[in-house]
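What follows is the content of my_file.pdb, which has PDB, C-alpha atoms:
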ATOM      1  CA  MET Q 153      -5.249  42.424 -43.081
ATOM      2  CA  GLU Q 154      -3.896  41.674 -46.479
ATOM      3  CA  ARG Q 155      -1.309  38.939 -46.416
ATOM      4  CA  GLY Q 156      -0.341  38.513 -50.090
ATOM      5  CA  GLN Q 157       2.983  36.792 -50.739
ATOM      6  CA  LYS Q 158       4.419  37.297 -47.290
ATOM      7  CA  LYS Q 159       6.723  35.211 -45.136
ATOM      8  CA  LYS Q 160       5.380  32.333 -43.093
ATOM      9  CA  LEU Q 161       7.625  31.572 -40.122
ATOM     10  CA  ALA Q 162       7.215  28.907 -37.452
ATOM     11  CA  THR Q 163       8.861  27.723 -34.248
ATOM     12  CA  LEU Q 164       7.814  24.277 -33.005
ATOM     13  CA  VAL Q 165       8.795  22.957 -29.566
ATOM     14  CA  GLY Q 166       8.303  19.466 -28.150
ATOM     15  CA  CYS Q 167       9.508  18.340 -24.707
ATOM     16  CA  ASN Q 168       9.169  14.682 -23.692
ATOM     17  CA  TYR Q 169      11.536  14.922 -20.655
ATOM     18  CA  ALA Q 170      12.743  11.365 -21.390
ATOM     19  CA  GLY Q 171      14.371   9.498 -18.525
ATOM     20  CA  THR Q 172      12.918  11.796 -15.866
ATOM     21  CA  PRO Q 173      10.003  11.319 -13.452
ATOM     22  CA  ASN Q 174       8.116  13.836 -15.608
ATOM     23  CA  GLU Q 175       8.411  11.894 -18.881
ATOM     24  CA  LEU Q 176       5.764  12.343 -21.570
ATOM     25  CA  GLN Q 177       5.372  10.347 -24.775
ATOM     26  CA  GLY Q 178       3.648  12.349 -27.473
ATOM     27  CA  CYS Q 179       5.157  15.827 -27.556
ATOM     28  CA  ILE Q 180       7.855  15.244 -30.161
ATOM     29  CA  ASN Q 181       5.349  13.392 -32.352
ATOM     30  CA  ASP Q 182       3.025  16.422 -32.102
ATOM     31  CA  VAL Q 183       5.774  18.642 -33.446
ATOM     32  CA  ALA Q 184       6.540  16.288 -36.349
ATOM     33  CA  ALA Q 185       2.861  16.126 -37.320
ATOM     34  CA  MET Q 186       2.489  19.904 -37.136
ATOM     35  CA  ARG Q 187       5.606  20.463 -39.221
ATOM     36  CA  ASP Q 188       4.205  18.182 -41.934
ATOM     37  CA  ALA Q 189       0.889  20.055 -41.871
ATOM     38  CA  LEU Q 190       2.569  23.459 -42.071
ATOM     39  CA  VAL Q 191       4.522  22.461 -45.168
ATOM     40  CA  ALA Q 192       1.866  20.384 -46.957
ATOM     41  CA  ARG Q 193      -1.292  22.348 -46.153
ATOM     42  CA  PHE Q 194      -0.240  25.864 -45.234
ATOM     43  CA  GLY Q 195       2.666  26.416 -47.606
ATOM     44  CA  PHE Q 196       5.423  27.049 -45.071
ATOM     45  CA  ALA Q 197       8.903  26.616 -46.506
ATOM     46  CA  PRO Q 198      10.782  23.875 -44.607
ATOM     47  CA  ALA Q 199      13.696  26.250 -44.053
ATOM     48  CA  ASP Q 200      11.361  28.668 -42.269
ATOM     49  CA  VAL Q 201      10.200  26.084 -39.713
ATOM     50  CA  THR Q 202      12.465  25.903 -36.656
ATOM     51  CA  VAL Q 203      12.092  22.728 -34.585
ATOM     52  CA  LEU Q 204      13.352  22.363 -31.016
ATOM     53  CA  THR Q 205      12.935  19.030 -29.223
ATOM     54  CA  ASP Q 206      14.651  17.238 -26.370
ATOM     55  CA  ASP Q 207      15.004  14.083 -28.433
ATOM     56  CA  ARG Q 208      18.347  12.312 -28.112
ATOM     57  CA  GLY Q 209      20.847  13.929 -30.453
ATOM     58  CA  SER Q 210      18.899  17.158 -30.968
ATOM     59  CA  PRO Q 211      21.396  19.892 -31.938
ATOM     60  CA  VAL Q 212      19.555  22.600 -29.984
ATOM     61  CA  LEU Q 213      17.620  21.677 -26.862
ATOM     62  CA  PRO Q 214      14.369  23.449 -25.950
ATOM     63  CA  THR Q 215      15.699  25.253 -22.894
ATOM     64  CA  GLY Q 216      13.954  28.402 -21.751
ATOM     65  CA  ALA Q 217      16.661  30.611 -23.216
ATOM     66  CA  ASN Q 218      16.758  28.723 -26.526
ATOM     67  CA  ILE Q 219      12.979  28.847 -26.954
ATOM     68  CA  LYS Q 220      12.864  32.576 -26.239
ATOM     69  CA  ARG Q 221      15.799  33.155 -28.568
ATOM     70  CA  ALA Q 222      14.119  31.242 -31.402
ATOM     71  CA  LEU Q 223      10.906  33.205 -30.896
ATOM     72  CA  ALA Q 224      12.772  36.520 -30.720
ATOM     73  CA  ASP Q 225      14.637  35.689 -33.943
ATOM     74  CA  MET Q 226      11.346  34.843 -35.651
ATOM     75  CA  VAL Q 227       9.778  38.129 -34.578
ATOM     76  CA  ALA Q 228      12.910  40.027 -35.655
ATOM     77  CA  ARG Q 229      12.564  38.598 -39.172
ATOM     78  CA  ALA Q 230       8.921  39.564 -39.432
ATOM     79  CA  ALA Q 231       7.438  42.401 -41.473
ATOM     80  CA  PRO Q 232       3.878  43.708 -41.789
ATOM     81  CA  GLY Q 233       1.629  41.029 -43.268
ATOM     82  CA  ASP Q 234       3.797  38.068 -42.229
ATOM     83  CA  VAL Q 235       2.347  34.984 -40.531
ATOM     84  CA  LEU Q 236       4.167  33.791 -37.390
ATOM     85  CA  PHE Q 237       3.344  30.519 -35.653
ATOM     86  CA  PHE Q 238       4.462  28.908 -32.399
ATOM     87  CA  HIS Q 239       3.485  25.387 -31.351
ATOM     88  CA  TYR Q 240       4.370  24.034 -27.934
ATOM     89  CA  SER Q 241       3.797  20.512 -26.641
ATOM     90  CA  GLY Q 242       5.025  19.742 -23.145
ATOM     91  CA  HIS Q 243       4.341  20.344 -19.494
ATOM     92  CA  GLY Q 244       2.592  23.417 -18.176
ATOM     93  CA  THR Q 245       2.251  24.769 -14.656
ATOM     94  CA  ARG Q 246       0.770  27.630 -12.649
ATOM     95  CA  VAL Q 247       2.856  30.111 -10.683
ATOM     96  CA  PRO Q 248       1.546  31.944  -7.591
ATOM     97  CA  PRO Q 249       1.963  35.725  -7.309
ATOM     98  CA  VAL Q 250       5.388  37.109  -6.436
ATOM     99  CA  LYS Q 251       5.420  39.696  -3.680
ATOM    100  CA  GLY Q 252       7.325  42.848  -4.532
ATOM    101  CA  ARG Q 253       7.259  42.379  -8.305
ATOM    102  CA  ARG Q 254       5.437  44.935 -10.445
ATOM    103  CA  HIS Q 255       3.469  42.365 -12.397
ATOM    104  CA  GLY Q 256       0.740  40.622 -10.524
ATOM    105  CA  HIS Q 257      -3.041  40.547 -10.285
ATOM    106  CA  GLY Q 258      -3.316  38.404  -7.173
ATOM    107  CA  GLU Q 259      -3.861  35.212  -9.157
ATOM    108  CA  CYS Q 260      -1.683  32.392 -10.426
ATOM    109  CA  ASP Q 261      -0.022  32.884 -13.801
ATOM    110  CA  GLU Q 262       0.287  30.275 -16.521
ATOM    111  CA  ALA Q 263       3.672  29.016 -17.717
ATOM    112  CA  ILE Q 264       5.228  26.415 -19.965
ATOM    113  CA  VAL Q 265       8.044  24.192 -18.707
ATOM    114  CA  PRO Q 266      11.090  23.960 -21.014
ATOM    115  CA  CYS Q 267      13.423  21.006 -20.621
ATOM    116  CA  ASP Q 268      15.629  22.921 -18.148
ATOM    117  CA  PHE Q 269      12.603  24.147 -16.115
ATOM    118  CA  ASN Q 270      13.388  27.805 -16.916
ATOM    119  CA  LEU Q 271       9.719  28.743 -16.993
ATOM    120  CA  ILE Q 272       8.289  30.910 -19.762
ATOM    121  CA  THR Q 273       5.218  32.719 -18.455
ATOM    122  CA  ASP Q 274       2.167  34.447 -19.859
ATOM    123  CA  VAL Q 275       3.985  37.740 -19.258
ATOM    124  CA  ASP Q 276       6.811  36.678 -21.589
ATOM    125  CA  PHE Q 277       4.346  35.811 -24.345
ATOM    126  CA  ARG Q 278       2.570  39.140 -23.828
ATOM    127  CA  ARG Q 279       5.849  40.992 -24.259
ATOM    128  CA  LEU Q 280       6.688  38.896 -27.327
ATOM    129  CA  VAL Q 281       3.360  39.651 -29.014
ATOM    130  CA  ASP Q 282       3.831  43.334 -28.259
ATOM    131  CA  ARG Q 283       7.018  43.238 -30.362
ATOM    132  CA  VAL Q 284       5.349  41.698 -33.421
ATOM    133  CA  PRO Q 285       5.264  44.277 -36.254
ATOM    134  CA  ARG Q 286       1.872  45.865 -36.759
ATOM    135  CA  GLY Q 287       0.092  44.063 -39.572
ATOM    136  CA  ALA Q 288       1.819  40.728 -38.861
ATOM    137  CA  SER Q 289       0.117  37.975 -36.844
ATOM    138  CA  PHE Q 290       1.388  35.651 -34.118
ATOM    139  CA  THR Q 291      -0.585  32.436 -33.637
ATOM    140  CA  MET Q 292       0.244  30.160 -30.717
ATOM    141  CA  VAL Q 293      -0.953  26.605 -30.103
ATOM    142  CA  SER Q 294      -0.081  25.301 -26.652
ATOM    143  CA  ASP Q 295      -0.835  21.642 -25.931
ATOM    144  CA  SER Q 296      -0.018  21.822 -22.243
ATOM    145  CA  CYS Q 297      -1.832  21.942 -18.939
ATOM    146  CA  HIS Q 298      -3.272  25.222 -17.671
ATOM    147  CA  SER Q 299      -2.604  26.744 -21.100
ATOM    148  CA  GLY Q 300      -5.670  28.974 -21.146
ATOM    149  CA  GLY Q 301      -4.546  32.606 -20.944
ATOM    150  CA  LEU Q 302      -0.892  31.968 -21.860
ATOM    151  CA  ILE Q 303      -0.797  35.309 -23.695
ATOM    152  CA  ASP Q 304      -1.407  37.663 -20.806
ATOM    153  CA  LEU Q 305      -4.337  40.076 -21.233
ATOM    154  CA  GLU Q 306      -5.469  38.598 -24.567
ATOM    155  CA  LYS Q 307      -9.265  38.618 -24.953
ATOM    156  CA  GLU Q 308     -11.101  35.359 -24.291
ATOM    157  CA  GLN Q 309     -13.275  34.287 -27.238
ATOM    158  CA  ILE Q 310     -13.934  30.667 -26.249
ATOM    159  CA  GLY Q 311     -13.309  29.578 -22.682
ATOM    160  CA  PRO Q 312     -14.797  29.317 -19.214
ATOM    161  CA  SER Q 313     -16.374  32.775 -19.511
ATOM    162  CA  VAL Q 314     -17.371  32.610 -23.176
ATOM    163  CA  LEU Q 315     -18.642  29.250 -24.431
ATOM    164  CA  ALA Q 316     -18.282  27.932 -27.950
ATOM    165  CA  ALA Q 317     -21.533  28.031 -29.902
ATOM    166  CA  GLY Q 318     -23.823  25.265 -28.716
ATOM    167  CA  ALA Q 319     -21.390  24.032 -26.072
ATOM    168  CA  ALA Q 320     -22.355  22.964 -22.586
ATOM    169  CA  PRO Q 321     -20.548  24.449 -19.590
ATOM    170  CA  ALA Q 322     -17.251  22.671 -18.908
ATOM    171  CA  ALA Q 323     -18.397  21.076 -15.669
ATOM    172  CA  ALA Q 324     -21.494  19.605 -17.299
ATOM    173  CA  ALA Q 325     -19.588  18.325 -20.309
ATOM    174  CA  ALA Q 326     -16.871  16.758 -18.176
ATOM    175  CA  SER Q 327     -19.382  14.805 -16.111
ATOM    176  CA  THR Q 328     -20.509  12.870 -19.182
ATOM    177  CA  THR Q 329     -17.081  11.873 -20.459
ATOM    178  CA  ALA Q 330     -15.257   8.624 -19.854
ATOM    179  CA  THR Q 331     -11.941   8.331 -18.037
ATOM    180  CA  ARG Q 332      -9.008   7.437 -20.286
ATOM    181  CA  ALA Q 333      -5.635   5.896 -19.428
ATOM    182  CA  THR Q 334      -3.602   9.021 -20.250
ATOM    183  CA  ALA Q 335      -1.009  11.166 -18.524
ATOM    184  CA  ALA Q 336      -1.483  14.857 -17.794
ATOM    185  CA  ARG Q 337       0.903  17.413 -19.272
ATOM    186  CA  PHE Q 338       1.067  19.064 -15.878
ATOM    187  CA  LEU Q 339       3.803  19.724 -13.357
ATOM    188  CA  PRO Q 340       2.524  20.864  -9.951
ATOM    189  CA  TYR Q 341       4.152  24.042  -8.700
ATOM    190  CA  ALA Q 342       5.664  22.158  -5.766
ATOM    191  CA  ALA Q 343       7.333  19.680  -8.147
ATOM    192  CA  VAL Q 344       8.854  22.520 -10.162
ATOM    193  CA  VAL Q 345      10.243  24.153  -7.024
ATOM    194  CA  GLU Q 346      11.580  20.847  -5.704
ATOM    195  CA  HIS Q 347      13.421  20.161  -8.967
ATOM    196  CA  LEU Q 348      14.901  23.657  -9.152
ATOM    197  CA  SER Q 349      15.889  23.635  -5.479
ATOM    198  CA  GLY Q 350      18.006  20.562  -6.076
ATOM    199  CA  VAL Q 351      19.929  22.465  -8.744
ATOM    200  CA  SER Q 352      19.975  26.019  -7.375
ATOM    201  CA  GLY Q 353      20.813  25.214  -3.777
ATOM    202  CA  VAL Q 354      18.118  27.669  -2.704
ATOM    203  CA  ASP Q 355      15.814  26.369   0.027
ATOM    204  CA  ALA Q 356      12.601  24.887  -1.361
ATOM    205  CA  ALA Q 357      10.594  27.207   0.893
ATOM    206  CA  HIS Q 358      11.476  30.103  -1.410
ATOM    207  CA  HIS Q 359       9.284  31.196  -4.316
ATOM    208  CA  VAL Q 360      10.175  29.723  -7.704
ATOM    209  CA  ALA Q 361      11.303  33.216  -8.749
ATOM    210  CA  ASP Q 362      14.262  33.016  -6.366
ATOM    211  CA  HIS Q 363      15.377  29.694  -7.823
ATOM    212  CA  LEU Q 364      15.018  30.836 -11.434
ATOM    213  CA  LEU Q 365      16.841  34.122 -10.875
ATOM    214  CA  ALA Q 366      19.659  32.292  -9.083
ATOM    215  CA  LEU Q 367      20.020  29.759 -11.892
ATOM    216  CA  PHE Q 368      19.271  31.766 -15.019
ATOM    217  CA  GLY Q 369      19.678  35.440 -14.126
ATOM    218  CA  ALA Q 370      18.660  37.676 -17.017
ATOM    219  CA  ASP Q 371      17.310  34.635 -18.914
ATOM    220  CA  ALA Q 372      14.631  34.062 -16.261
ATOM    221  CA  SER Q 373      11.077  35.151 -17.046
ATOM    222  CA  ALA Q 374      10.401  38.879 -17.096
ATOM    223  CA  LYS Q 375       7.653  38.170 -14.580
ATOM    224  CA  PHE Q 376      10.274  37.542 -11.894
ATOM    225  CA  HIS Q 377      12.399  40.660 -12.363
ATOM    226  CA  ARG Q 378      11.563  43.479  -9.972
ATOM    227  CA  ASP Q 379      12.150  46.184 -12.594
ATOM    228  CA  ALA Q 380      10.002  44.547 -15.286
ATOM    229  CA  GLU Q 381       7.326  46.845 -16.634
ATOM    230  CA  GLN Q 382       3.659  45.982 -16.147
ATOM    231  CA  PRO Q 383       2.260  44.550 -19.415
ATOM    232  CA  VAL Q 384      -0.362  46.729 -21.041
ATOM    233  CA  ARG Q 385      -2.497  45.165 -23.733
ATOM    234  CA  THR Q 386      -2.594  47.019 -27.025
ATOM    235  CA  ASP Q 387      -4.489  46.316 -30.215
ATOM    236  CA  ASP Q 388      -2.509  43.350 -31.505
ATOM    237  CA  ASP Q 389      -2.668  40.230 -33.650
ATOM    238  CA  GLY Q 390      -1.794  37.698 -30.984
ATOM    239  CA  ILE Q 391      -3.893  34.525 -31.257
ATOM    240  CA  LEU Q 392      -3.807  31.726 -28.673
ATOM    241  CA  LEU Q 393      -5.362  28.296 -29.157
ATOM    242  CA  SER Q 394      -4.931  26.511 -25.828
ATOM    243  CA  GLY Q 395      -5.329  22.801 -25.209
ATOM    244  CA  CYS Q 396      -7.445  23.383 -22.118
ATOM    245  CA  GLN Q 397      -8.806  25.964 -19.738
ATOM    246  CA  THR Q 398      -6.619  27.657 -17.145
ATOM    247  CA  ASP Q 399      -7.883  25.313 -14.426
ATOM    248  CA  GLU Q 400      -7.634  22.107 -16.487
ATOM    249  CA  THR Q 401      -5.030  19.607 -17.628
ATOM    250  CA  SER Q 402      -4.211  18.484 -21.172
ATOM    251  CA  ALA Q 403      -3.856  14.778 -21.956
ATOM    252  CA  ASP Q 404      -0.765  13.006 -23.253
ATOM    253  CA  VAL Q 405      -2.047   9.955 -25.149
ATOM    254  CA  PRO Q 406       0.024   6.726 -25.324
ATOM    255  CA  GLY Q 407       0.571   4.990 -28.639
ATOM    256  CA  ASP Q 408      -1.627   2.026 -27.743
ATOM    257  CA  ASP Q 409      -4.705   4.228 -27.252
ATOM    258  CA  GLU Q 410      -7.302   3.954 -30.001
ATOM    259  CA  VAL Q 411      -7.153   7.724 -30.497
ATOM    260  CA  ALA Q 412      -3.432   7.722 -31.344
ATOM    261  CA  ALA Q 413      -3.102   7.938 -35.120
ATOM    262  CA  GLY Q 414      -0.813   5.260 -36.549
ATOM    263  CA  GLY Q 415      -0.060   3.938 -33.078
ATOM    264  CA  LYS Q 416       2.006   7.031 -32.244
ATOM    265  CA  ALA Q 417       1.701   8.749 -28.893
ATOM    266  CA  CYS Q 418       0.311  12.269 -29.158
ATOM    267  CA  GLY Q 419      -1.278  15.150 -27.354
ATOM    268  CA  ALA Q 420      -5.064  14.895 -27.327
ATOM    269  CA  PHE Q 421      -5.433  18.531 -28.422
ATOM    270  CA  SER Q 422      -2.742  18.318 -31.105
ATOM    271  CA  ASN Q 423      -4.382  15.187 -32.452
ATOM    272  CA  ALA Q 424      -7.788  16.890 -32.443
ATOM    273  CA  ILE Q 425      -6.380  19.786 -34.488
ATOM    274  CA  GLN Q 426      -4.927  17.362 -37.022
ATOM    275  CA  THR Q 427      -8.261  15.520 -37.176
ATOM    276  CA  VAL Q 428     -10.189  18.718 -37.870
ATOM    277  CA  LEU Q 429      -7.741  19.944 -40.503
ATOM    278  CA  ALA Q 430      -7.711  16.568 -42.270
ATOM    279  CA  SER Q 431     -11.488  16.532 -42.588
ATOM    280  CA  HIS Q 432     -12.161  20.177 -43.444
ATOM    281  CA  PRO Q 433     -10.832  22.043 -46.486
ATOM    282  CA  ALA Q 434      -9.523  25.587 -46.152
ATOM    283  CA  PRO Q 435     -10.421  28.007 -44.869
ATOM    284  CA  VAL Q 436     -11.126  27.040 -41.247
ATOM    285  CA  SER Q 437     -11.405  30.011 -38.909
ATOM    286  CA  ASN Q 438      -9.706  30.122 -35.520
ATOM    287  CA  ARG Q 439     -13.110  29.977 -33.856
ATOM    288  CA  GLN Q 440     -14.210  27.013 -35.969
ATOM    289  CA  LEU Q 441     -10.976  25.115 -35.316
ATOM    290  CA  VAL Q 442     -11.240  25.460 -31.536
ATOM    291  CA  SER Q 443     -14.979  24.685 -31.524
ATOM    292  CA  MET Q 444     -14.521  21.563 -33.665
ATOM    293  CA  ALA Q 445     -11.483  20.440 -31.643
ATOM    294  CA  ARG Q 446     -13.657  20.695 -28.526
ATOM    295  CA  ALA Q 447     -16.256  18.479 -30.183
ATOM    296  CA  VAL Q 448     -13.631  15.917 -31.230
ATOM    297  CA  LEU Q 449     -12.202  15.719 -27.717
ATOM    298  CA  SER Q 450     -15.652  15.397 -26.180
ATOM    299  CA  ASP Q 451     -16.554  12.567 -28.574
ATOM    300  CA  GLN Q 452     -13.303  10.811 -27.671
ATOM    301  CA  GLY Q 453     -13.994  11.057 -23.942
ATOM    302  CA  PHE Q 454     -11.429  13.665 -22.924
ATOM    303  CA  GLU Q 455     -12.165  16.013 -20.049
ATOM    304  CA  GLN Q 456     -10.441  19.121 -21.391
ATOM    305  CA  HIS Q 457     -11.825  22.155 -23.148
ATOM    306  CA  PRO Q 458      -9.637  24.038 -25.658
ATOM    307  CA  CYS Q 459      -9.891  27.821 -25.585
ATOM    308  CA  LEU Q 460      -9.381  30.721 -27.971
ATOM    309  CA  TYR Q 461      -7.894  34.082 -27.019
ATOM    310  CA  CYS Q 462      -7.583  36.891 -29.572
ATOM    311  CA  SER Q 463      -9.309  40.014 -30.881
ATOM    312  CA  ASP Q 464     -12.884  39.829 -32.134
ATOM    313  CA  GLY Q 465     -11.723  40.138 -35.739
ATOM    314  CA  ASN Q 466      -9.049  37.463 -35.502
ATOM    315  CA  ALA Q 467     -11.518  34.960 -34.051
ATOM    316  CA  GLU Q 468     -13.176  34.807 -37.465
ATOM    317  CA  THR Q 469     -10.045  34.891 -39.642
ATOM    318  CA  PRO Q 470      -8.715  31.650 -41.167
ATOM    319  CA  PHE Q 471      -6.283  29.675 -39.025
ATOM    320  CA  LEU Q 472      -2.798  30.748 -40.125
ATOM    321  CA  TRP Q 473      -4.488  32.966 -42.698
ATOM    322  CA  GLN Q 474      -4.990  30.061 -45.098
ATOM    323  CA  GLU Q 475      -7.284  31.073 -47.927
ATOM    324  CA  GLU Q 476      -9.414  28.744 -49.989
ATOM    325  CA  ASP Q 477      -7.380  26.767 -52.523
ATOM    326  CA  LYS Q 478      -8.824  28.331 -55.663
ATOM    327  CA  LYS Q 479      -7.100  25.834 -57.952
ATOM    328  CA  LYS Q 480      -8.735  22.895 -56.175
ATOM    329  CA  THR Q 481     -12.066  24.703 -56.132
ATOM    330  CA  VAL Q 482     -11.938  25.307 -59.882
ATOM    331  CA  THR Q 483     -10.961  21.677 -60.494
ATOM    332  CA  ALA Q 484     -13.802  20.397 -58.318
ATOM    333  CA  ALA Q 485     -16.281  22.672 -60.107
ATOM    334  CA  ALA Q 486     -15.075  21.424 -63.500
ATOM    335  CA  GLU Q 487     -15.433  17.809 -62.363
ATOM    336  CA  GLN Q 488     -18.972  18.476 -61.186
ATOM    337  CA  ALA Q 489     -19.798  20.091 -64.512
ATOM    338  CA  MET Q 490     -18.444  17.099 -66.418
ATOM    339  CA  THR Q 491     -20.465  14.738 -64.237
ATOM    340  CA  ALA Q 492     -23.636  16.699 -64.953
ATOM    341  CA  LEU Q 493     -23.181  16.310 -68.740
TER     342      LEU Q 493
END

Could you render the structure as structure tokens?
Amino acid sequence: MERGQKKKLATLVGCNYAGTPNELQGCINDVAAMRDALVARFGFAPADVTVLTDDRGSPVLPTGANIKRALADMVARAAPGDVLFFHYSGHGTRVPPVKGRRHGHGECDEAIVPCDFNLITDVDFRRLVDRVPRGASFTMVSDSCHSGGLIDLEKEQIGPSVLAAGAAPAAAAASTTATRATAARFLPYAAVVEHLSGVSGVDAAHHVADHLLALFGADASAKFHRDAEQPVRTDDDGILLSGCQTDETSADVPGDDEVAAGGKACGAFSNAIQTVLASHPAPVSNRQLVSMARAVLSDQGFEQHPCLYCSDGNAETPFLWQEEDKKKTVTAAAEQAMTAL
């Protein structure tokens, strides 16, 4: 696809859940680092980067409804050729099938956990991507547990079924890595239900769908509405870079860990992305970015395996459609020529 001088729009979400039993440390820092990279490296206009965090004093909290509204507004602004980007750092979870709902393949579905626990599922992201104008792209980075497959029905390019070039199977790679003093960006399903039950008044024995529908009604995930249509994958430009496989957790790294840049807590996957981008000039393809992030995490001793889900063509396109900086290339060539004289 030709991008030309098109809009670049981003929504960045970081949930630290401060003051709760589920508190994380690095998610808001991930968002700040990604915002800086979008502006400095990728040419996003600051006004076109929407940031939602649960930091104290944040004007708009990253609730389920607010996140979906920000994403819907971004898609509504898009036109063919535009570049859309969503970064999420926070907890993830897995949701068992819901009896009587039209969507369901007999397996658990992936979801992210906004600050109000109004889950956003893989079905919601599928429906969002289906609304992206043809010719525009939607790239999603999710630094959360069980994030593999968060865009329902998107094709796996790197993951448990399709390995990155030269990579060992996940189980073999994990057995050689060291254990680190990190937290997992994971909320067990039972913990999600217990939290929601305390707010909804619905017995904890009920499926999470009953709690979410009671609390949030129409704002609850489309997955939980009985009349929701079954997602059908079409030829699209949805691109998911997940922090781990569906059956894995993603690490939240404290500031005193040697991996944490500048002594700031971070997500291991988010930090790996920043490391790769800092050491490799444009363009870096989606496949290359995920493969190199896997290598960085393995070298650092993390037991998680980032994945890539997208079409065959988009696996090889530059991350966020960043082309080679021709001005820098010309300058470097001129410097080399001068040195040779």

TODO: Quick one: apply the PyMOL selection byres ((chain Q and resi 222-235) around 9) to the file and drop the selected residues here as a ChimeraX atom specification.
DONE: /Q:153-163,202,204,217-221,236-238,280-281,283-291,472-473

Open item on the list: Between Q:Ala361, Q:Cys462, Q:Ile303, Q:Ala370, which residue has the minimum interatomic distance to Q:Val247, considering all atoms listed in the file?
Closed with: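 Closest residue, counting all atoms listed in the file: Q:Ala361.
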
Open item on the list: So the first atom is atom CA of Q:His457 and the second is atom CA of Q:Glu400; what is the distance between them in Å, to one decimal place?
Closed with: 7.9 Å

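Using all atoms listed in the file, the shortest contact distance between Q:Ala170 and any of Q:Cys267, Q:Ala420, Q:Phe196, Q:Pro435 is found at Q:Cys267.
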
Find the axis-aligned box for stretch 367-382 of chain Q, covering all its listed atoms and adding 6 Å on each side, and write its centre and edge lengths in Å to one decimal as AutoDock Vina command-line options.
--center_x 11.8 --center_y 38.3 --center_z -14.4 --size_x 28.4 --size_y 29.1 --size_z 20.9

Open item on the list: Residues within 7 Å of stretch 340-345 of chain Q, please, as a PyMOL selection string. Count all atoms listed in the file; anything in the same chain fewer than 2 positions from it doesn't count.
Closed with: chain Q and resi 245-247+338+347-349+356+360

- [ ] Using atom CA of Q:Ile264 and atom CA of Q:Asp362 as the two end points, give the distance in Å to one decimal.
- [x]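 That distance, rounded to one decimal, is 17.6 Å.
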
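Relative to atom CA of Q:Pro433, atom CA of Q:Gln474 is found at 10.0 Å.
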
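Nearest-residue note for Q:Ala403: choosing from Q:Leu176, Q:Leu460, Q:Ala336, Q:Cys167, the minimum distance belongs to Q:Ala336, counting all atoms listed in the file.
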
The PyMOL selection byres ((chain Q and resi 299) around 8) on the file shown: which residues, as a tab-separated table (two decimals) with C-alpha atoms, in the frame of the given file?
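As a result, result38.tsv now contains:
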chain	number	residue	atom	x	y	z
Q	244	GLY	CA	2.59	23.42	-18.18
Q	262	GLU	CA	0.29	30.28	-16.52
Q	263	ALA	CA	3.67	29.02	-17.72
Q	264	ILE	CA	5.23	26.42	-19.96
Q	294	SER	CA	-0.08	25.30	-26.65
Q	295	ASP	CA	-0.84	21.64	-25.93
Q	296	SER	CA	-0.02	21.82	-22.24
Q	297	CYS	CA	-1.83	21.94	-18.94
Q	298	HIS	CA	-3.27	25.22	-17.67
Q	300	GLY	CA	-5.67	28.97	-21.15
Q	301	GLY	CA	-4.55	32.61	-20.94
Q	302	LEU	CA	-0.89	31.97	-21.86
Q	394	SER	CA	-4.93	26.51	-25.83
Q	395	GLY	CA	-5.33	22.80	-25.21
Q	396	CYS	CA	-7.44	23.38	-22.12
Q	397	GLN	CA	-8.81	25.96	-19.74
Q	398	THR	CA	-6.62	27.66	-17.14

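Here the PyMOL selection byres ((chain Q and resi 207) around 12) matches the residues Q:Val165, Q:Gly166, Q:Cys167, Q:Asn168, Q:Tyr169, Q:Ala170, Q:Gly171, Q:Glu175, Q:Leu176, Q:Gln177, Q:Gly178, Q:Cys179, Q:Ile180, Q:Asn181, Q:Val183, Q:Ala184, Q:Val203, Q:Leu204, Q:Thr205, Q:Asp206, Q:Arg208, Q:Gly209, Q:Ser210, Q:Pro211, Q:Val212, Q:Leu213, Q:Pro214, Q:Cys267.
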
Set out as CSV a contact list for stretch 368-428 of chain Q and stretch 269-277 of chain Q with a cut-off of 7 Å, giving each residue of stretch 368-428 of chain Q that qualifies its closest atom pair and distance in Å to one decimal, counting only C-alpha atoms, ordered by chain and rising residue number.
residue,atom,partner,partner_atom,distance
Q:Ala372,CA,Q:Asn270,CA,6.4
Q:Ser373,CA,Q:Ile272,CA,5.8
Q:Ala374,CA,Q:Asp276,CA,6.2
Q:Lys375,CA,Q:Val275,CA,6.0

TODO: Could you tell me which of Q:Cys260, Q:Leu392, Q:Cys459, Q:Met186 comes closest to Q:Ser313 if we count all atoms listed in the file?
DONE: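 Between Q:Cys260, Q:Leu392, Q:Cys459, Q:Met186, the residue approaching Q:Ser313 most closely is Q:Cys459.
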